[in-house]
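Peer 1: Just passing along the structure, written as structure tokens.
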Number of protein chains: 2
Amino acid sequence: MSLPHAILTALLERPSSGLELTRRFDRSIGYFWSATHQQIYRELGKLEGAGYIRALPTERPARGQKKSYEVLPAGREELARWTSAPQDPKPWRDALFVRLRASAVVGTTTGVEDDLRRHLSLHQRQLAEYEEIEKRDFGPGRDTAQDRLQHLILRAGIDLETVWTQWLASALEEFGRLPEDGGREEEPEREQPES
Amino acid sequence: MSLPHAILTALLERPSSGLELTRRFDRSIGYFWSATHQQIYRELGKLEGAGYIRALPTERPARGQKKSYEVLPAGREELARWTSAPQDPKPWRDALFVRLRASAVVGTTTGVEDDLRRHLSLHQRQLAEYEEIEKRDFGPGRDTAQDRLQHLILRAGIDLETVWTQWLASALEEFGRLPEDGGREEEPEREQPES
DNA sequence: CTGTCCATGTAAGCGGTTACATGATTTT
DNA sequence: AAAATCATGTAACCGCTTACATGGACAG
């Protein structure tokens with residue numbers, strides 16, 4: 001249930017229309033919470049219905065016309081409430097690990113290995129992008145509370161991408177030491193450790 | 001679309017019933033792909049319908065009776081196919097970052113700070129559990145290809161939990177240097193860097 | 001006036017989550 | 001016999017994804 005609150009946050013930072021929000025969710029906010037324009041429009045409707053936001057008064061409210069929203073006091077309160085309420089971290093879920101484990105049992109590794117290389121370069125690119133942003137937006141100066149918190153978030157992104165690149169590199173090294181494909185397991189079905 | 005393939009993998013490692021699978025998804029596999037028993041039963045039905053698995057012949061196939069499944073050749077082929085096909089990494093999505101950014105704009109940080117502390121201890125516990133497993137199941141010996149790949153996956157878990165604990169610790173430090181609550185931003189609405 | 005963006009929407013489908021239902025087995 | 005547990009399932013809801021639809025503004 002984070003999307004409505006991500007939208008409230010974005011609208012507090014700057015009142016926007018649906019499409020503008022979509023654009024902002026493609027860059028900054030989308031780095032840690034992505035959303036398509038359909039999600040956003042639907043959610044804007046709900047938030048307006050709940051009295052959390054309202055459309056800025058405009059001359060011609062018609063289909064195909066730009067419609068900007070701003071946050072109402074009730075919306076700000078809801079956001080503060082949600083932010084302070086405890087929430088459990090979601091367990092990390094990654095299809096890549098499923099694939100690795102699957103490739104271990106079916107005994108073919110070349111396909112995944114190629115994809116690991118591809119993922120590595122994607123993560124390297126992402127990491128470079130984050131570091132670029134850090135250099136550009138968080139130099140000296142700029143240390144209000146807001147800046148420091150946003151920097152913290154960016155740091156998390158950098159740290160996570162760093163682990164990914166390191167882990168993928170070490171995984172590829174490990175693959176290099178593995179026997180070639182085809183040696184499908186005929187080992188005597190010993191009990192798996194299940195770890 | 002990873003659940004069916006995670007189930008195929010698990011069934012290749014060892015033919016199981018629905019409930020046994022559920023148990024295994026609570027431990028080992030669930031560390032990187034969790035699933036409830038309802039998901040699993042539904043998926044078992046689909047996989048059987050697709051001809052990927054079959055129920056092991058048993059005397060009394062009735063409701064409330066244990067029913068074990070094994071993977072058919074078509075299932076193994078599908079798993080090999082899926083494993084080798086390229087897949088894009090899902091962007092990391094985390095509500096915690098939404099909350100941090102939200103707390104930055106509403107100006108109240110004590111609530112999140114408490115939860116950061118809680119998350120830190122949760123991640124520390126998880127990290128300890130993984131390290132325990134590593135010590136127990138991946139000592140010397142045990143270096144077939146399967147072992148090495150499973151170890152690699154576990155390593156990813158350890159690495160990720162390590163970054164989280166480090167980042168959370170540094171975040172809490174940063175919070176210690178922040179001004180107390182209430183100082184809601186009345187800064188002159190300067191353009192956000194949007195990073 | 002045709003095509004191309006811009007902007008807002010609708011509809012269908014799928015996976016995941018939660019709550020509940022029911023039969024079989026084991027325990028006390 | 002009652003209660004607890006094992007085992008399999010149904011039903012409803014919700015968020016996300018993808019594809020498609022509609023209307024206005026503007027360029028050639």
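Each chain in the structure tokens gets a letter, A, B and so on, in the order shown; residues start at 1 in every chain, and ligands are counted from 1 in the order they appear.
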Extract the full set of alpha helix (DSSP H) residues from range 34-194 of chain A according to DSSP on the backbone, and format it as number ranges by chain.
Peer 2: A: 37-49, 73-84, 95-106, 110-137, 145-176
Peer 1: Take the residues from that selection and write them out as a tab-separated table (two decimals), in the first residue's frame, keeping C-alpha atoms.
Peer 2:
chain	number	residue	atom	x	y	z
A	37	HIS	CA	0.30	6.15	-15.70
A	38	GLN	CA	-2.74	3.88	-15.34
A	39	GLN	CA	-1.89	3.15	-11.74
A	40	ILE	CA	-1.41	6.83	-11.12
A	41	TYR	CA	-4.68	7.99	-12.65
A	42	ARG	CA	-6.64	5.33	-10.80
A	43	GLU	CA	-4.95	6.24	-7.56
A	44	LEU	CA	-5.51	9.96	-8.11
A	45	GLY	CA	-9.21	9.23	-8.44
A	46	LYS	CA	-9.25	7.29	-5.19
A	47	LEU	CA	-7.26	9.91	-3.32
A	48	GLU	CA	-9.61	12.63	-4.51
A	49	GLY	CA	-12.60	10.54	-3.46
A	73	PRO	CA	-4.63	18.80	5.12
A	74	ALA	CA	-6.30	15.41	5.55
A	75	GLY	CA	-3.86	14.00	3.01
A	76	ARG	CA	-0.87	15.38	4.84
A	77	GLU	CA	-2.14	13.88	8.09
A	78	GLU	CA	-2.70	10.49	6.50
A	79	LEU	CA	0.81	10.58	5.09
A	80	ALA	CA	2.30	11.45	8.47
A	81	ARG	CA	0.31	8.65	10.09
A	82	TRP	CA	1.36	6.05	7.54
A	83	THR	CA	4.98	7.12	7.70
A	84	SER	CA	5.16	6.66	11.44
A	95	ALA	CA	13.74	-14.81	-10.01
A	96	LEU	CA	17.47	-14.94	-10.68
A	97	PHE	CA	18.03	-17.15	-7.67
A	98	VAL	CA	15.20	-19.43	-8.72
A	99	ARG	CA	16.89	-19.74	-12.08
A	100	LEU	CA	20.27	-20.45	-10.54
A	101	ARG	CA	18.86	-23.18	-8.38
A	102	ALA	CA	16.91	-24.55	-11.32
A	103	SER	CA	19.99	-24.57	-13.51
A	104	ALA	CA	21.72	-26.52	-10.76
A	105	VAL	CA	19.17	-29.33	-10.93
A	106	VAL	CA	18.68	-29.45	-14.70
A	110	THR	CA	25.36	-21.62	-20.21
A	111	GLY	CA	22.02	-19.85	-20.68
A	112	VAL	CA	21.99	-18.33	-17.21
A	113	GLU	CA	25.62	-17.47	-17.43
A	114	ASP	CA	24.98	-15.26	-20.44
A	115	ASP	CA	22.19	-13.56	-18.60
A	116	LEU	CA	24.34	-13.04	-15.54
A	117	ARG	CA	26.78	-11.15	-17.73
A	118	ARG	CA	23.93	-9.04	-19.07
A	119	HIS	CA	22.62	-8.31	-15.57
A	120	LEU	CA	26.08	-7.35	-14.47
A	121	SER	CA	26.37	-4.69	-17.12
A	122	LEU	CA	22.86	-3.42	-16.36
A	123	HIS	CA	23.70	-3.05	-12.69
A	124	GLN	CA	26.98	-1.37	-13.52
A	125	ARG	CA	25.15	1.13	-15.66
A	126	GLN	CA	22.61	1.80	-12.91
A	127	LEU	CA	25.36	2.24	-10.39
A	128	ALA	CA	27.13	4.73	-12.62
A	129	GLU	CA	23.89	6.67	-13.02
A	130	TYR	CA	23.38	6.89	-9.27
A	131	GLU	CA	26.93	8.03	-8.71
A	132	GLU	CA	26.46	10.66	-11.37
A	133	ILE	CA	23.36	11.94	-9.57
A	134	GLU	CA	25.20	11.96	-6.27
A	135	LYS	CA	28.01	14.03	-7.70
A	136	ARG	CA	25.59	16.45	-9.36
A	137	ASP	CA	22.95	16.91	-6.66
A	145	ALA	CA	17.23	17.76	6.69
A	146	GLN	CA	15.45	17.04	3.43
A	147	ASP	CA	18.69	16.89	1.49
A	148	ARG	CA	20.31	14.60	3.99
A	149	LEU	CA	17.39	12.19	3.92
A	150	GLN	CA	17.25	12.12	0.15
A	151	HIS	CA	20.98	11.56	0.03
A	152	LEU	CA	20.53	8.64	2.41
A	153	ILE	CA	18.05	7.05	0.03
A	154	LEU	CA	20.39	7.53	-2.90
A	155	ARG	CA	23.16	5.97	-0.84
A	156	ALA	CA	21.02	2.88	-0.33
A	157	GLY	CA	20.63	2.59	-4.06
A	158	ILE	CA	24.35	2.92	-4.59
A	159	ASP	CA	25.14	0.40	-1.89
A	160	LEU	CA	22.66	-2.13	-3.24
A	161	GLU	CA	23.87	-1.80	-6.82
A	162	THR	CA	27.41	-2.16	-5.57
A	163	VAL	CA	26.67	-5.48	-3.88
A	164	TRP	CA	24.88	-6.69	-6.97
A	165	THR	CA	27.80	-5.93	-9.25
A	166	GLN	CA	30.24	-7.52	-6.85
A	167	TRP	CA	28.12	-10.59	-6.35
A	168	LEU	CA	27.45	-11.03	-10.05
A	169	ALA	CA	31.17	-10.73	-10.78
A	170	SER	CA	32.00	-13.39	-8.21
A	171	ALA	CA	29.17	-15.57	-9.52
A	172	LEU	CA	30.60	-15.39	-13.02
A	173	GLU	CA	34.01	-16.32	-11.67
A	174	GLU	CA	32.44	-19.34	-10.00
A	175	PHE	CA	30.73	-20.29	-13.24
A	176	GLY	CA	34.10	-20.25	-14.91
Peer 1: Counting only C-alpha atoms (C1' of nucleotides), a student should be able to say which residues of chain D come within 10 Å of chain B; what is the right answer, written as a list of chain:residue names?
Peer 2: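 Written out as asked, the residues are D:DC6, D:DA7, D:DT8, D:DG9, D:DT10.
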Peer 1: Can you write out the residues you just picked, keeping N, CA, C and O atoms (P, O5', C5', C4', C3', O3' and C1' of nucleotides), as a JSON list (two decimals), in the first residue's frame?
Peer 2:
[["chain", "number", "residue", "atom", "x", "y", "z"],
["D", 6, "DC", "P", 0.52, -30.88, 12.37],
["D", 6, "DC", "O5'", -0.06, -31.75, 11.17],
["D", 6, "DC", "C5'", -0.09, -33.16, 11.29],
["D", 6, "DC", "C4'", -0.78, -33.76, 10.07],
["D", 6, "DC", "C3'", -0.24, -33.23, 8.74],
["D", 6, "DC", "O3'", -0.11, -34.33, 7.85],
["D", 6, "DC", "C1'", -2.58, -32.92, 8.86],
["D", 7, "DA", "P", 0.75, -34.19, 6.52],
["D", 7, "DA", "O5'", -0.36, -33.73, 5.46],
["D", 7, "DA", "C5'", -1.33, -34.65, 5.01],
["D", 7, "DA", "C4'", -2.35, -33.93, 4.17],
["D", 7, "DA", "C3'", -1.79, -32.97, 3.12],
["D", 7, "DA", "O3'", -1.82, -33.65, 1.86],
["D", 7, "DA", "C1'", -3.80, -32.18, 4.14],
["D", 8, "DT", "P", -1.46, -32.83, 0.51],
["D", 8, "DT", "O5'", -2.89, -32.21, 0.12],
["D", 8, "DT", "C5'", -3.99, -33.09, -0.05],
["D", 8, "DT", "C4'", -5.23, -32.28, -0.30],
["D", 8, "DT", "C3'", -5.17, -31.33, -1.50],
["D", 8, "DT", "O3'", -6.12, -31.74, -2.47],
["D", 8, "DT", "C1'", -6.21, -30.31, 0.37],
["D", 9, "DG", "P", -6.11, -31.09, -3.94],
["D", 9, "DG", "O5'", -6.93, -29.75, -3.71],
["D", 9, "DG", "C5'", -8.31, -29.84, -3.80],
["D", 9, "DG", "C4'", -9.00, -28.78, -3.01],
["D", 9, "DG", "C3'", -9.33, -27.50, -3.76],
["D", 9, "DG", "O3'", -10.53, -27.67, -4.49],
["D", 9, "DG", "C1'", -8.96, -27.19, -1.41],
["D", 10, "DT", "P", -10.97, -26.61, -5.54],
["D", 10, "DT", "O5'", -12.30, -25.97, -4.91],
["D", 10, "DT", "C5'", -12.43, -25.83, -3.54],
["D", 10, "DT", "C4'", -13.47, -24.77, -3.21],
["D", 10, "DT", "C3'", -13.81, -23.77, -4.32],
["D", 10, "DT", "O3'", -15.13, -23.29, -4.11],
["D", 10, "DT", "C1'", -12.63, -22.66, -2.59]]
Peer 1: Should the cut-off be 9 Å, what would the residue list for chain C against chain B look like, counting only C-alpha atoms (C1' of nucleotides), as a ChimeraX atom specification?
Peer 2: /C:15-17,22-24
Peer 1: Can you write just those residues out, all heavy atoms, as a short mmCIF file (atom, residue, chain, number, x, y, z; two decimals), in the first residue's frame?
Peer 2:
data_model
loop_
_atom_site.label_atom_id
_atom_site.label_comp_id
_atom_site.auth_asym_id
_atom_site.auth_seq_id
_atom_site.Cartn_x
_atom_site.Cartn_y
_atom_site.Cartn_z
P DG C 15 -0.46 -15.89 -13.56
OP1 DG C 15 0.58 -16.53 -14.36
OP2 DG C 15 -1.67 -16.64 -13.17
"O5'" DG C 15 0.20 -15.31 -12.24
"C5'" DG C 15 1.09 -14.20 -12.35
"C4'" DG C 15 1.29 -13.62 -10.97
"O4'" DG C 15 0.12 -12.84 -10.62
"C3'" DG C 15 1.47 -14.66 -9.87
"O3'" DG C 15 2.51 -14.23 -9.01
"C2'" DG C 15 0.11 -14.73 -9.20
"C1'" DG C 15 -0.42 -13.31 -9.40
N9 DG C 15 -1.87 -13.21 -9.52
C8 DG C 15 -2.71 -14.01 -10.26
N7 DG C 15 -3.97 -13.68 -10.16
C5 DG C 15 -3.96 -12.60 -9.31
C6 DG C 15 -5.04 -11.81 -8.83
O6 DG C 15 -6.24 -11.91 -9.07
N1 DG C 15 -4.60 -10.80 -7.97
C2 DG C 15 -3.28 -10.59 -7.63
N2 DG C 15 -3.03 -9.58 -6.79
N3 DG C 15 -2.26 -11.32 -8.07
C4 DG C 15 -2.68 -12.30 -8.90
P DG C 16 2.82 -15.02 -7.72
OP1 DG C 16 4.26 -14.88 -7.48
OP2 DG C 16 2.20 -16.36 -7.79
"O5'" DG C 16 2.06 -14.15 -6.61
"C5'" DG C 16 2.34 -12.76 -6.52
"C4'" DG C 16 1.65 -12.19 -5.30
"O4'" DG C 16 0.23 -12.10 -5.56
"C3'" DG C 16 1.79 -13.03 -4.03
"O3'" DG C 16 2.02 -12.14 -2.95
"C2'" DG C 16 0.46 -13.76 -3.91
"C1'" DG C 16 -0.51 -12.78 -4.57
N9 DG C 16 -1.65 -13.39 -5.24
C8 DG C 16 -1.64 -14.45 -6.11
N7 DG C 16 -2.83 -14.76 -6.56
C5 DG C 16 -3.67 -13.85 -5.96
C6 DG C 16 -5.07 -13.69 -6.05
O6 DG C 16 -5.86 -14.35 -6.73
N1 DG C 16 -5.52 -12.63 -5.26
C2 DG C 16 -4.72 -11.83 -4.48
N2 DG C 16 -5.32 -10.87 -3.79
N3 DG C 16 -3.41 -11.97 -4.38
C4 DG C 16 -2.96 -13.00 -5.14
P DT C 17 2.14 -12.68 -1.46
OP1 DT C 17 3.13 -11.82 -0.79
OP2 DT C 17 2.32 -14.15 -1.49
"O5'" DT C 17 0.71 -12.39 -0.81
"C5'" DT C 17 0.18 -11.08 -0.87
"C4'" DT C 17 -1.11 -11.02 -0.07
"O4'" DT C 17 -2.20 -11.55 -0.87
"C3'" DT C 17 -1.07 -11.85 1.22
"O3'" DT C 17 -1.45 -11.01 2.31
"C2'" DT C 17 -2.06 -12.99 0.98
"C1'" DT C 17 -3.00 -12.40 -0.07
N1 DT C 17 -3.60 -13.39 -1.02
C2 DT C 17 -4.96 -13.34 -1.28
O2 DT C 17 -5.70 -12.53 -0.75
N3 DT C 17 -5.41 -14.28 -2.16
C4 DT C 17 -4.66 -15.25 -2.80
O4 DT C 17 -5.18 -16.04 -3.58
C5 DT C 17 -3.25 -15.26 -2.50
C7 DT C 17 -2.36 -16.26 -3.14
C6 DT C 17 -2.79 -14.33 -1.62
P DT C 22 -18.09 -26.74 4.52
OP1 DT C 22 -19.29 -26.79 3.70
OP2 DT C 22 -18.16 -26.55 5.99
"O5'" DT C 22 -17.23 -28.04 4.25
"C5'" DT C 22 -16.47 -28.14 3.06
"C4'" DT C 22 -15.55 -29.34 3.19
"O4'" DT C 22 -14.26 -28.90 3.65
"C3'" DT C 22 -16.04 -30.40 4.18
"O3'" DT C 22 -16.04 -31.65 3.54
"C2'" DT C 22 -15.01 -30.32 5.31
"C1'" DT C 22 -13.78 -29.86 4.58
N1 DT C 22 -12.75 -29.19 5.40
C2 DT C 22 -11.43 -29.49 5.17
O2 DT C 22 -11.07 -30.27 4.31
N3 DT C 22 -10.54 -28.84 5.99
C4 DT C 22 -10.84 -27.94 7.00
O4 DT C 22 -9.96 -27.43 7.67
C5 DT C 22 -12.24 -27.67 7.18
C7 DT C 22 -12.68 -26.71 8.24
C6 DT C 22 -13.11 -28.30 6.39
P DG C 23 -16.70 -32.92 4.29
OP1 DG C 23 -17.85 -33.34 3.45
OP2 DG C 23 -16.88 -32.64 5.72
"O5'" DG C 23 -15.57 -34.01 4.12
"C5'" DG C 23 -14.90 -34.12 2.89
"C4'" DG C 23 -13.54 -34.77 3.11
"O4'" DG C 23 -12.68 -33.84 3.82
"C3'" DG C 23 -13.60 -36.04 3.96
"O3'" DG C 23 -12.80 -37.03 3.33
"C2'" DG C 23 -13.02 -35.61 5.31
"C1'" DG C 23 -12.05 -34.52 4.88
N9 DG C 23 -11.73 -33.52 5.90
C8 DG C 23 -12.60 -32.68 6.57
N7 DG C 23 -12.00 -31.88 7.42
C5 DG C 23 -10.66 -32.22 7.31
C6 DG C 23 -9.52 -31.70 7.99
O6 DG C 23 -9.48 -30.81 8.85
N1 DG C 23 -8.35 -32.33 7.58
C2 DG C 23 -8.28 -33.32 6.63
N2 DG C 23 -7.07 -33.81 6.37
N3 DG C 23 -9.33 -33.81 5.99
C4 DG C 23 -10.48 -33.22 6.38
P DA C 24 -12.66 -38.44 3.94
OP1 DA C 24 -12.49 -39.37 2.80
OP2 DA C 24 -13.72 -38.66 4.94
"O5'" DA C 24 -11.27 -38.31 4.69
"C5'" DA C 24 -10.05 -38.43 3.94
"C4'" DA C 24 -8.88 -38.44 4.91
"O4'" DA C 24 -8.99 -37.28 5.76
"C3'" DA C 24 -8.81 -39.64 5.84
"O3'" DA C 24 -7.52 -40.24 5.70
"C2'" DA C 24 -9.04 -39.08 7.24
"C1'" DA C 24 -8.64 -37.62 7.07
N9 DA C 24 -9.35 -36.68 7.93
C8 DA C 24 -10.70 -36.46 8.00
N7 DA C 24 -11.05 -35.52 8.86
C5 DA C 24 -9.84 -35.09 9.40
C6 DA C 24 -9.51 -34.13 10.35
N6 DA C 24 -10.43 -33.37 10.98
N1 DA C 24 -8.21 -33.95 10.65
C2 DA C 24 -7.30 -34.71 10.03
N3 DA C 24 -7.47 -35.66 9.10
C4 DA C 24 -8.79 -35.80 8.83
#
Peer 1: To test your reading of the structure, identify every residue in chain A that backbone DSSP assigns to strand (DSSP E), and report it as a ChimeraX atom specification.
Peer 2: /A:16-17,53-55,68-71
Peer 1: Write to file, as a short mmCIF file (atom, residue, chain, number, x, y, z; two decimals), in the first residue's frame, the residues of the selection just made, with all heavy atoms.
Peer 2:
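selection.cif was written with the following content:
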data_model
loop_
_atom_site.label_atom_id
_atom_site.label_comp_id
_atom_site.auth_asym_id
_atom_site.auth_seq_id
_atom_site.Cartn_x
_atom_site.Cartn_y
_atom_site.Cartn_z
N SER A 16 1.03 18.54 -9.15
CA SER A 16 1.27 18.09 -10.52
C SER A 16 0.01 17.49 -11.12
O SER A 16 -0.94 17.16 -10.41
CB SER A 16 2.37 17.01 -10.54
OG SER A 16 3.53 17.45 -9.87
N SER A 17 0.04 17.33 -12.41
CA SER A 17 -1.02 16.59 -13.10
C SER A 17 -0.61 15.12 -13.18
O SER A 17 0.49 14.75 -12.82
CB SER A 17 -1.20 17.14 -14.50
OG SER A 17 -0.06 16.85 -15.28
N ILE A 53 -6.74 14.72 -1.61
CA ILE A 53 -6.23 15.70 -2.56
C ILE A 53 -7.41 16.36 -3.27
O ILE A 53 -8.54 15.90 -3.17
CB ILE A 53 -5.31 15.04 -3.63
CG1 ILE A 53 -6.13 14.05 -4.47
CG2 ILE A 53 -4.14 14.34 -2.99
CD1 ILE A 53 -5.35 13.43 -5.62
N ARG A 54 -7.13 17.46 -3.97
CA ARG A 54 -8.18 18.04 -4.80
C ARG A 54 -7.56 18.59 -6.07
O ARG A 54 -6.38 18.95 -6.10
CB ARG A 54 -8.91 19.17 -4.07
CG ARG A 54 -8.03 20.35 -3.81
CD ARG A 54 -8.84 21.61 -3.53
NE ARG A 54 -7.97 22.78 -3.55
CZ ARG A 54 -8.39 24.01 -3.28
NH1 ARG A 54 -9.66 24.22 -2.95
NH2 ARG A 54 -7.55 25.02 -3.34
N ALA A 55 -8.40 18.62 -7.10
CA ALA A 55 -7.94 19.17 -8.37
C ALA A 55 -7.83 20.68 -8.24
O ALA A 55 -8.72 21.33 -7.68
CB ALA A 55 -8.89 18.80 -9.49
N SER A 68 -4.40 19.41 -12.59
CA SER A 68 -3.38 19.31 -11.55
C SER A 68 -4.02 19.11 -10.18
O SER A 68 -5.14 19.56 -9.94
CB SER A 68 -2.52 20.57 -11.54
OG SER A 68 -1.60 20.53 -12.61
N TYR A 69 -3.29 18.46 -9.32
CA TYR A 69 -3.80 18.17 -7.98
C TYR A 69 -2.89 18.77 -6.92
O TYR A 69 -1.68 18.92 -7.12
CB TYR A 69 -3.87 16.66 -7.76
CG TYR A 69 -4.92 15.97 -8.60
CD1 TYR A 69 -4.61 15.48 -9.86
CD2 TYR A 69 -6.22 15.80 -8.12
CE1 TYR A 69 -5.56 14.84 -10.63
CE2 TYR A 69 -7.18 15.16 -8.89
CZ TYR A 69 -6.84 14.68 -10.14
OH TYR A 69 -7.78 14.05 -10.90
N GLU A 70 -3.50 19.07 -5.76
CA GLU A 70 -2.72 19.47 -4.61
C GLU A 70 -3.20 18.67 -3.40
O GLU A 70 -4.33 18.18 -3.38
CB GLU A 70 -2.85 20.97 -4.34
CG GLU A 70 -4.23 21.35 -3.85
CD GLU A 70 -4.34 22.84 -3.52
OE1 GLU A 70 -3.31 23.54 -3.61
OE2 GLU A 70 -5.45 23.27 -3.17
N VAL A 71 -2.36 18.57 -2.39
CA VAL A 71 -2.69 17.78 -1.21
C VAL A 71 -3.48 18.62 -0.22
O VAL A 71 -3.15 19.78 0.04
CB VAL A 71 -1.40 17.26 -0.54
CG1 VAL A 71 -1.74 16.46 0.71
CG2 VAL A 71 -0.60 16.42 -1.52
#
Peer 1: Which residues are near DC5 in chain C? Cut-off 12 Å, only C-alpha atoms (C1' of nucleotides), ignore same chain within fewer than 6 positions. Put them as a PyMOL selection string.
Peer 2: chain D and resi 24-27
